[in-house]
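The structure under discussion appears below in the form of structure tokens.
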Amino acid sequence: MLAGIALLPLALTAHSAGYRFGTQSAAAEGTANANAAEATDASTLFANPAGLTRLTGWNLSGVVDYVDPKTRFTDQGSYISLPGSGLAPRSTGTVGDTMSFAKAAVVPHLYAAYKASDTLAYGLGVFVPWGTKLDYRADWGGRYNLQKVELKSISINPNVAWKTSPELSLAAGLNIQYMEGKLRRAVPYASVYAAGLLNAAHQAAAAGAPGLALQLQQQAATVFGNPAYDGSIAVEGKDWGLGFNLALLWEPAAGTRMGLSYRSSVSHKLKGSADWTQPTNLPAEVLAAITAKPYNGVSALDHSDSDVSLSVRTPESLSIHGFQQLTPTIAVMGDFTFTRDSRLKQLRIDFANSTADSTTAEHWKDSTKVSVGAQWQALPALLLRAGYSKDLSPVPSATRSPALPDAHRTWLALGANLALMDNASIDFSFGHVKLKDAAMNATDDGDGEQPCNCAYSTARGNYASKATIFGVQFNYKF
């Protein structure tokens with residue numbers, strides 16, 4: 001009857017479609033991630049680790065990204081209902097109310113590579129593959145769908161690359177991935193209170209007491225939708241998972257490179273706890289019902305704290321990319337990436353107590369990204385970059401939710417590499433990401449399943465989002 005929980009922190013990362021973080025290298029960000037076949041520093045390990053064979057000796061790259069999102073949600077009539085009660089839906093927000101829900105973040109990445117011989121190279125990357133943090137206002141219209149969500153992840157990615165011939169290099173690696181998530185949402189205990197009153201009214205009417213029945217019905221109408229009876233639930237979970245990656249890089253002629261890179265899905269079973277908080281102003285009989293004791297025929301809710309789990313499988317991706325040196329100072333490049341996001345149909349939380357599973361509809365689509373870029377060696381010590389990317393969101397408009405208000409996006413990028421000395425350089429990048437304005441009409445109804453551990457709340461409104469991204473990368477080789 002009450003709010004289910006979508007634990008997986010799928011939310012706006014205002015710089016990459018779905019919940020991928022999307023910025024792991026400042027050198028790549030300067031071309032809007034079009035330079036996977038360039039392979040000039042250790043950060044090539046993320047985009048195409050076969051490029052490690054093009055490096056010499058030891059190579060280190062440290063990256064820091066600063067992402068500054070500008071987000072706005074405008075309420076267009078959020079409400080809550082109680083199916084089968086006869087009570088009219090109640091507004092949970094104010095039409096026209098606006099709010100911001102995302103804050104700036106600083107994220108580091110680190111790469112190391114070693115060329116062991118003319119044909120063999122090793123590399124290790126430690127980077128953030130997924131990440132988000134959203135904090136909606138506590139009283140916003142979609143509070144029963146979501147209030148706060150945070151995802152932290154890290155991948156430890158050792159790779160080995162082998163130059164099979166002067167033209168072809170192959171690579172393989174393991175992806176050791178850690179993920180943890182936290183989520184909080186309001187719980188409308190007024191719905192339980194009102195349902196109990198209506199059931200009592202039905203019993204009174206059946207017993208020949210119409211006056212009492214009417215009084216109870218009127219009290220239910222007053223109670224339903226009253227935020228004074230809001231409680232909350234906080235869920236957290238974490239897990240380690242294992243995946244792999246494969247890549248090849250082919251250089252048929254000097255200055256011409258083509259590559260292919262695959263990253264597998266990673267299966268997680270996030271395990272953690274659910275912490276329910278009931279309001280103190282509920283009558284004792286209602287509290288008894290919530291702690292799994294029958295109350296006037298209302299089903300036992302068992303909203304006691306318990307363990308929870310959620311199975312998650314991140315999507316695999318396949319990237320095809322190319323690099324062409326047109327003149328001694330000018331090069332162009334491009335990348336096409338396909339991501340199998342359609343694996344995600346539902347998010348299903350399994351509570352260890354008798355509470356029904358919480359199910360959230362997602363029904364994602366596969367997504368694609370196209371990036372093009374260019375670079376110009378303006379001075380012996382200065383390389384300038386630019387890029388453009390079109391990123392198609394996997395999120396259908398019909399199932400867009402406050403946890404992932406994602407939409408198609410465009411990315412315009414500028415970058416530069418400054419040589420500090422023969423064996424050290426620094427990359428700078430600047431990117432502007434604009435998301436298409438996105439409407440939302442998300443109802444927490446368990447994707448139509450029964451029994452429904454849901455709030456029957458609808459978050460309705462429109463999102464307008466953009467982001468500015470600054471990246472700095474220090475490269476050193478010896």
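Identifiers in this document derive from the order of the structure tokens: chains are assigned A, B, ..., residues are numbered from 1 separately in each chain, and ligands are numbered from 1 in order of occurrence.
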Subject >> Contacts of Thr222 in chain A at 12 Å (only C-alpha atoms; same-chain gap of 5+ positions) as a ChimeraX atom specification >> reply: /A:87-88,90,190-191,193-195,197-198,215-217,227-229
Contacts between range 22-37 of chain A and range 260-378 of chain A, please, where a residue of range 260-378 of chain A counts if it comes within 9 Å (with only C-alpha atoms); show its shortest atom pair and distance in Å to one decimal, rows by chain and ascending number, as a Markdown table.
| residue | atom | partner | partner_atom | distance |
| --- | --- | --- | --- | --- |
| A:Leu260 | CA | A:Ala37 | CA | 8.8 |
| A:Ser261 | CA | A:Ala36 | CA | 8.9 |
| A:Ser319 | CA | A:Ala36 | CA | 8.8 |
| A:Ile320 | CA | A:Ala36 | CA | 8.7 |
| A:His321 | CA | A:Ala37 | CA | 6.0 |
| A:Gly322 | CA | A:Ala37 | CA | 5.4 |
| A:Phe323 | CA | A:Ala37 | CA | 5.5 |
| A:Val332 | CA | A:Asn35 | CA | 8.6 |
| A:Met333 | CA | A:Asn35 | CA | 5.8 |
| A:Gly334 | CA | A:Ala34 | CA | 4.6 |
| A:Asp335 | CA | A:Ala34 | CA | 5.0 |
| A:Phe336 | CA | A:Ala34 | CA | 8.3 |
| A:Val370 | CA | A:Ala34 | CA | 8.1 |
| A:Ser371 | CA | A:Ala34 | CA | 4.9 |
| A:Val372 | CA | A:Ala34 | CA | 5.2 |
| A:Gly373 | CA | A:Thr31 | CA | 4.9 |
| A:Ala374 | CA | A:Thr31 | CA | 6.8 |
| A:Gln375 | CA | A:Thr31 | CA | 8.1 |
**OP:** Identify, on the basis of only C-alpha atoms, every residue whose closest approach to Ala455 in chain A does not exceed 12 Å; exclude the query and any residue fewer than 3 positions from it along the same chain; express the result as a PyMOL selection string.
**Re:** chain A and resi 1-5+79-83+142-146+185-192+225+230-232+358-360+442-447+452+458-459
Subject >> Counting only C-alpha atoms, the option among A:Asn175, A:Ala352, A:Ala213, A:Phe338 closest to Ser264 in chain A >> reply: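 Result for the nearest residue to Ser264 in chain A: A:Asn175.
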Original post:
Looking only at the backbone, which of the residues in range 127-172 of chain A does DSSP tag as strand (DSSP E), as number ranges by chain?
Top reply: A: 127, 132-135, 148-163, 168-172
Would you mind exporting the chosen residues as a short mmCIF file (atom, residue, chain, number, x, y, z; two decimals), in the first residue's frame, restricted to N, CA and C atoms?
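Printed below is selection_8.cif as written:
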data_model
loop_
_atom_site.label_atom_id
_atom_site.label_comp_id
_atom_site.auth_asym_id
_atom_site.auth_seq_id
_atom_site.Cartn_x
_atom_site.Cartn_y
_atom_site.Cartn_z
N PHE A 127 38.99 4.24 -11.77
CA PHE A 127 38.15 5.33 -12.23
C PHE A 127 36.71 5.14 -11.76
N THR A 132 26.16 9.51 -9.16
CA THR A 132 25.18 10.59 -9.14
C THR A 132 24.86 10.95 -7.71
N LYS A 133 24.31 12.15 -7.54
CA LYS A 133 23.81 12.59 -6.24
C LYS A 133 22.72 13.62 -6.48
N LEU A 134 21.50 13.27 -6.07
CA LEU A 134 20.36 14.18 -6.20
C LEU A 134 19.76 14.42 -4.83
N ASP A 135 19.36 15.65 -4.59
CA ASP A 135 18.79 16.03 -3.29
C ASP A 135 17.60 16.95 -3.56
N LYS A 148 15.99 11.81 -1.82
CA LYS A 148 17.44 11.88 -1.99
C LYS A 148 17.93 10.56 -2.59
N VAL A 149 18.97 10.64 -3.40
CA VAL A 149 19.61 9.45 -3.92
C VAL A 149 21.08 9.75 -4.14
N GLU A 150 21.92 8.78 -3.85
CA GLU A 150 23.37 8.94 -4.04
C GLU A 150 23.96 7.62 -4.48
N LEU A 151 24.80 7.67 -5.50
CA LEU A 151 25.53 6.49 -5.98
C LEU A 151 27.02 6.79 -5.99
N LYS A 152 27.77 5.88 -5.41
CA LYS A 152 29.23 5.93 -5.48
C LYS A 152 29.71 4.62 -6.08
N SER A 153 30.67 4.69 -6.98
CA SER A 153 31.22 3.48 -7.57
C SER A 153 32.68 3.70 -7.91
N ILE A 154 33.38 2.59 -8.03
CA ILE A 154 34.78 2.66 -8.45
C ILE A 154 35.11 1.36 -9.18
N SER A 155 35.89 1.47 -10.24
CA SER A 155 36.36 0.31 -10.98
C SER A 155 37.88 0.23 -10.90
N ILE A 156 38.38 -0.95 -10.61
CA ILE A 156 39.81 -1.24 -10.65
C ILE A 156 40.00 -2.14 -11.87
N ASN A 157 40.74 -1.64 -12.87
CA ASN A 157 40.72 -2.25 -14.19
C ASN A 157 42.14 -2.55 -14.70
N PRO A 158 42.72 -3.71 -14.31
CA PRO A 158 44.02 -4.11 -14.87
C PRO A 158 43.85 -4.61 -16.30
N ASN A 159 44.81 -4.29 -17.17
CA ASN A 159 44.76 -4.69 -18.58
C ASN A 159 46.13 -5.16 -19.04
N VAL A 160 46.12 -6.02 -20.06
CA VAL A 160 47.33 -6.40 -20.77
C VAL A 160 47.09 -6.19 -22.25
N ALA A 161 48.06 -5.61 -22.94
CA ALA A 161 47.95 -5.34 -24.38
C ALA A 161 49.09 -6.03 -25.10
N TRP A 162 48.78 -6.56 -26.27
CA TRP A 162 49.74 -7.37 -27.04
C TRP A 162 49.74 -6.89 -28.49
N LYS A 163 50.90 -6.53 -28.96
CA LYS A 163 51.06 -6.10 -30.35
C LYS A 163 51.34 -7.34 -31.19
N LEU A 168 48.61 -4.30 -35.78
CA LEU A 168 47.48 -4.69 -34.94
C LEU A 168 47.89 -4.92 -33.49
N SER A 169 47.09 -4.36 -32.57
CA SER A 169 47.27 -4.60 -31.14
C SER A 169 45.95 -5.07 -30.54
N LEU A 170 46.04 -5.99 -29.58
CA LEU A 170 44.88 -6.52 -28.88
C LEU A 170 45.04 -6.27 -27.38
N ALA A 171 43.92 -6.19 -26.66
CA ALA A 171 43.99 -5.97 -25.21
C ALA A 171 42.83 -6.69 -24.53
N ALA A 172 43.05 -7.05 -23.27
CA ALA A 172 42.02 -7.66 -22.45
C ALA A 172 42.24 -7.22 -21.01
#
Subject >> Contacts of Pro396 in chain A within 12 Å, only C-alpha atoms, excl. fewer than 5 positions in-chain, as a list in words >> reply: Gly18, Asp341, Ser342, Leu344, Lys345, Ala361, Glu362, His363, Trp364, Lys365, Asp366, Ser367, Ser401, Leu404, Pro405, Asp406, Ala407, His408, Ala438, Ala439, Met440, Asn441 and Ala442 of chain A
Same residues, N, CA and C atoms, saved as a PDB file, in the first residue's frame:
ATOM      1  N   GLY A  18      21.831   7.949 -19.226  1.00  0.00           N
ATOM      2  CA  GLY A  18      21.591   6.935 -18.218  1.00  0.00           C
ATOM      3  C   GLY A  18      22.262   7.328 -16.919  1.00  0.00           C
ATOM      4  N   ASP A 341      21.368  -0.801 -22.901  1.00  0.00           N
ATOM      5  CA  ASP A 341      20.618  -0.384 -21.724  1.00  0.00           C
ATOM      6  C   ASP A 341      19.282  -1.094 -21.599  1.00  0.00           C
ATOM      7  N   SER A 342      18.822  -1.759 -22.655  1.00  0.00           N
ATOM      8  CA  SER A 342      17.512  -2.396 -22.618  1.00  0.00           C
ATOM      9  C   SER A 342      17.442  -3.566 -21.645  1.00  0.00           C
ATOM     10  N   LEU A 344      17.594  -3.239 -18.589  1.00  0.00           N
ATOM     11  CA  LEU A 344      16.914  -2.746 -17.392  1.00  0.00           C
ATOM     12  C   LEU A 344      15.418  -2.599 -17.661  1.00  0.00           C
ATOM     13  N   LYS A 345      14.635  -3.511 -17.116  1.00  0.00           N
ATOM     14  CA  LYS A 345      13.178  -3.474 -17.255  1.00  0.00           C
ATOM     15  C   LYS A 345      12.496  -2.948 -15.997  1.00  0.00           C
ATOM     16  N   ALA A 361       8.969   0.639 -12.475  1.00  0.00           N
ATOM     17  CA  ALA A 361       9.076   0.453 -13.922  1.00  0.00           C
ATOM     18  C   ALA A 361      10.204   1.314 -14.487  1.00  0.00           C
ATOM     19  N   GLU A 362      11.026   0.740 -15.364  1.00  0.00           N
ATOM     20  CA  GLU A 362      12.059   1.488 -16.077  1.00  0.00           C
ATOM     21  C   GLU A 362      11.928   1.279 -17.597  1.00  0.00           C
ATOM     22  N   HIS A 363      11.987   0.000 -18.046  1.00  0.00           N
ATOM     23  CA  HIS A 363      11.786  -0.347 -19.451  1.00  0.00           C
ATOM     24  C   HIS A 363      12.654   0.509 -20.384  1.00  0.00           C
ATOM     25  N   TRP A 364      13.947   0.496 -20.092  1.00  0.00           N
ATOM     26  CA  TRP A 364      14.893   1.283 -20.879  1.00  0.00           C
ATOM     27  C   TRP A 364      15.035   0.754 -22.295  1.00  0.00           C
ATOM     28  N   LYS A 365      15.556   1.610 -23.137  1.00  0.00           N
ATOM     29  CA  LYS A 365      15.898   1.265 -24.516  1.00  0.00           C
ATOM     30  C   LYS A 365      17.413   1.234 -24.664  1.00  0.00           C
ATOM     31  N   ASP A 366      17.893   0.538 -25.691  1.00  0.00           N
ATOM     32  CA  ASP A 366      19.317   0.632 -26.016  1.00  0.00           C
ATOM     33  C   ASP A 366      19.639   2.066 -26.419  1.00  0.00           C
ATOM     34  N   SER A 367      20.860   2.492 -26.145  1.00  0.00           N
ATOM     35  CA  SER A 367      21.239   3.874 -26.424  1.00  0.00           C
ATOM     36  C   SER A 367      22.484   3.936 -27.306  1.00  0.00           C
ATOM     37  N   SER A 401      11.519   9.097 -14.440  1.00  0.00           N
ATOM     38  CA  SER A 401      11.221   9.205 -13.013  1.00  0.00           C
ATOM     39  C   SER A 401      12.139  10.221 -12.354  1.00  0.00           C
ATOM     40  N   LEU A 404      15.755   9.303 -12.298  1.00  0.00           N
ATOM     41  CA  LEU A 404      16.510   9.399 -13.538  1.00  0.00           C
ATOM     42  C   LEU A 404      15.781  10.290 -14.548  1.00  0.00           C
ATOM     43  N   PRO A 405      15.799  11.588 -14.332  1.00  0.00           N
ATOM     44  CA  PRO A 405      15.132  12.507 -15.263  1.00  0.00           C
ATOM     45  C   PRO A 405      16.004  12.772 -16.476  1.00  0.00           C
ATOM     46  N   ASP A 406      16.342  11.719 -17.183  1.00  0.00           N
ATOM     47  CA  ASP A 406      17.316  11.793 -18.254  1.00  0.00           C
ATOM     48  C   ASP A 406      16.646  12.123 -19.578  1.00  0.00           C
ATOM     49  N   ALA A 407      17.414  12.646 -20.527  1.00  0.00           N
ATOM     50  CA  ALA A 407      16.900  12.983 -21.856  1.00  0.00           C
ATOM     51  C   ALA A 407      18.070  13.046 -22.825  1.00  0.00           C
ATOM     52  N   HIS A 408      17.757  13.112 -24.125  1.00  0.00           N
ATOM     53  CA  HIS A 408      18.804  13.249 -25.136  1.00  0.00           C
ATOM     54  C   HIS A 408      19.623  14.504 -24.860  1.00  0.00           C
ATOM     55  N   ALA A 438      12.570  17.805 -20.602  1.00  0.00           N
ATOM     56  CA  ALA A 438      11.959  16.487 -20.445  1.00  0.00           C
ATOM     57  C   ALA A 438      10.745  16.553 -19.535  1.00  0.00           C
ATOM     58  N   ALA A 439       9.606  16.094 -20.043  1.00  0.00           N
ATOM     59  CA  ALA A 439       8.393  16.008 -19.236  1.00  0.00           C
ATOM     60  C   ALA A 439       8.399  14.717 -18.433  1.00  0.00           C
ATOM     61  N   MET A 440       7.756  14.737 -17.255  1.00  0.00           N
ATOM     62  CA  MET A 440       7.653  13.556 -16.409  1.00  0.00           C
ATOM     63  C   MET A 440       6.230  13.425 -15.887  1.00  0.00           C
ATOM     64  N   ASN A 441       5.729  12.191 -15.898  1.00  0.00           N
ATOM     65  CA  ASN A 441       4.414  11.874 -15.322  1.00  0.00           C
ATOM     66  C   ASN A 441       4.534  10.481 -14.710  1.00  0.00           C
ATOM     67  N   ALA A 442       5.263  10.407 -13.597  1.00  0.00           N
ATOM     68  CA  ALA A 442       5.674   9.130 -13.014  1.00  0.00           C
ATOM     69  C   ALA A 442       4.785   8.762 -11.835  1.00  0.00           C
TER      70      ALA A 442
END
**OP:** Mind the document's chain letters and residue numbers, and return as JSON, numbers by chain the residues of range 115-324 of chain A that DSSP labels alpha helix (DSSP H).
**Re:** {"A": [189, 190, 191, 192, 193, 194, 195, 196, 197, 198, 199, 200, 201, 202, 203, 204, 205, 206, 210, 211, 212, 213, 214, 215, 216, 217, 218, 219, 220, 221, 222, 223, 284, 285, 286, 287, 288, 289, 290]}
Taking a cut-off of 12 Å and counting only C-alpha atoms, can you build a table that, for each residue of range 249-268 of chain A near range 302-311 of chain A, reports the nearest atom pair and how far apart they are in Å (one decimal), sorted by chain then residue number, as a Markdown table?
| residue | atom | partner | partner_atom | distance |
| --- | --- | --- | --- | --- |
| A:Val266 | CA | A:Ser311 | CA | 10.8 |
| A:Ser267 | CA | A:Ser311 | CA | 7.5 |
| A:His268 | CA | A:Ser311 | CA | 5.8 |
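For the pair CA of Phe351 in chain A and CA of Gln147 in chain A, the separation is 19.9 Å.
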**OP:** For each of A:Lys115, A:Lys390, A:Lys269, A:Lys103, take the minimum atom-to-atom distance to Thr468 in chain A, counting only C-alpha atoms, then give the residue where this is smallest.
**Re:**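 Closest residue, counting only C-alpha atoms: A:Lys103.
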Subject >> Selected residue of minimal separation from Ala105 in chain A among A:Asp422, A:Glu316, A:Glu236, A:Asp65, counting only C-alpha atoms >> reply: A:Asp65
Subject >> Point-to-point distance from CA of Arg54 in chain A to CA of Ile330 in chain A, Å rounded to tenths >> reply: 19.3 Å
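If you measure from each of A:Thr399, A:Ser43, A:Asn353, A:Thr71 to Arg460 in chain A using only C-alpha atoms, the closest one turns out to be A:Thr399.
The coordinates place CA of Asp357 in chain A at 24.7 Å from CA of Ala138 in chain A.
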**OP:** Counting only C-alpha atoms, figure out which residue out of A:Gly241, A:Asn475, A:Pro108, A:Pro89 gets nearest to Thr44 in chain A.
**Re:**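 Checking each candidate against Thr44 in chain A, we get A:Asn475 as the closest.
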Original post:
Which residues come within 7 Å of Val472 in chain A, counting only C-alpha atoms, excluding same-chain residues fewer than 6 positions away, as a PyMOL selection string?
Top reply: chain A and resi 26+63-65+427-429
Once you have the residues from the selection above, write them out as a compact mmCIF listing (two decimals), in the first residue's frame, restricted to N, CA and C atoms.
# COMPACT_ATOMS: atom_id res chain seq x y z
N ALA A 26 40.52 13.89 -19.13
CA ALA A 26 40.44 15.26 -19.62
C ALA A 26 40.90 15.36 -21.07
N VAL A 63 43.68 12.38 -13.28
CA VAL A 63 42.61 13.23 -13.80
C VAL A 63 41.73 13.71 -12.65
N VAL A 64 41.32 14.97 -12.73
CA VAL A 64 40.32 15.51 -11.82
C VAL A 64 39.25 16.21 -12.64
N ASP A 65 38.00 15.80 -12.46
CA ASP A 65 36.87 16.42 -13.16
C ASP A 65 36.03 17.21 -12.17
N ASP A 427 46.71 18.37 -19.53
CA ASP A 427 45.53 18.55 -20.38
C ASP A 427 44.49 19.38 -19.64
N PHE A 428 43.81 20.23 -20.38
CA PHE A 428 42.69 21.00 -19.86
C PHE A 428 41.49 20.73 -20.77
N SER A 429 40.31 20.68 -20.19
CA SER A 429 39.11 20.52 -21.01
C SER A 429 37.96 21.33 -20.43
**OP:** Give me the residues within 9 Å of His432 in chain A as a ChimeraX atom specification, counting only C-alpha atoms and dropping any in the same chain fewer than 4 places off.
**Re:** /A:15,410-413,466-469
**OP:** Skip Gly57 in chain A itself and residues of its chain fewer than 2 positions away, then list as a ChimeraX atom specification all residues within 7 Å of it, counting only C-alpha atoms.
**Re:** /A:55,59,114-115,477-478
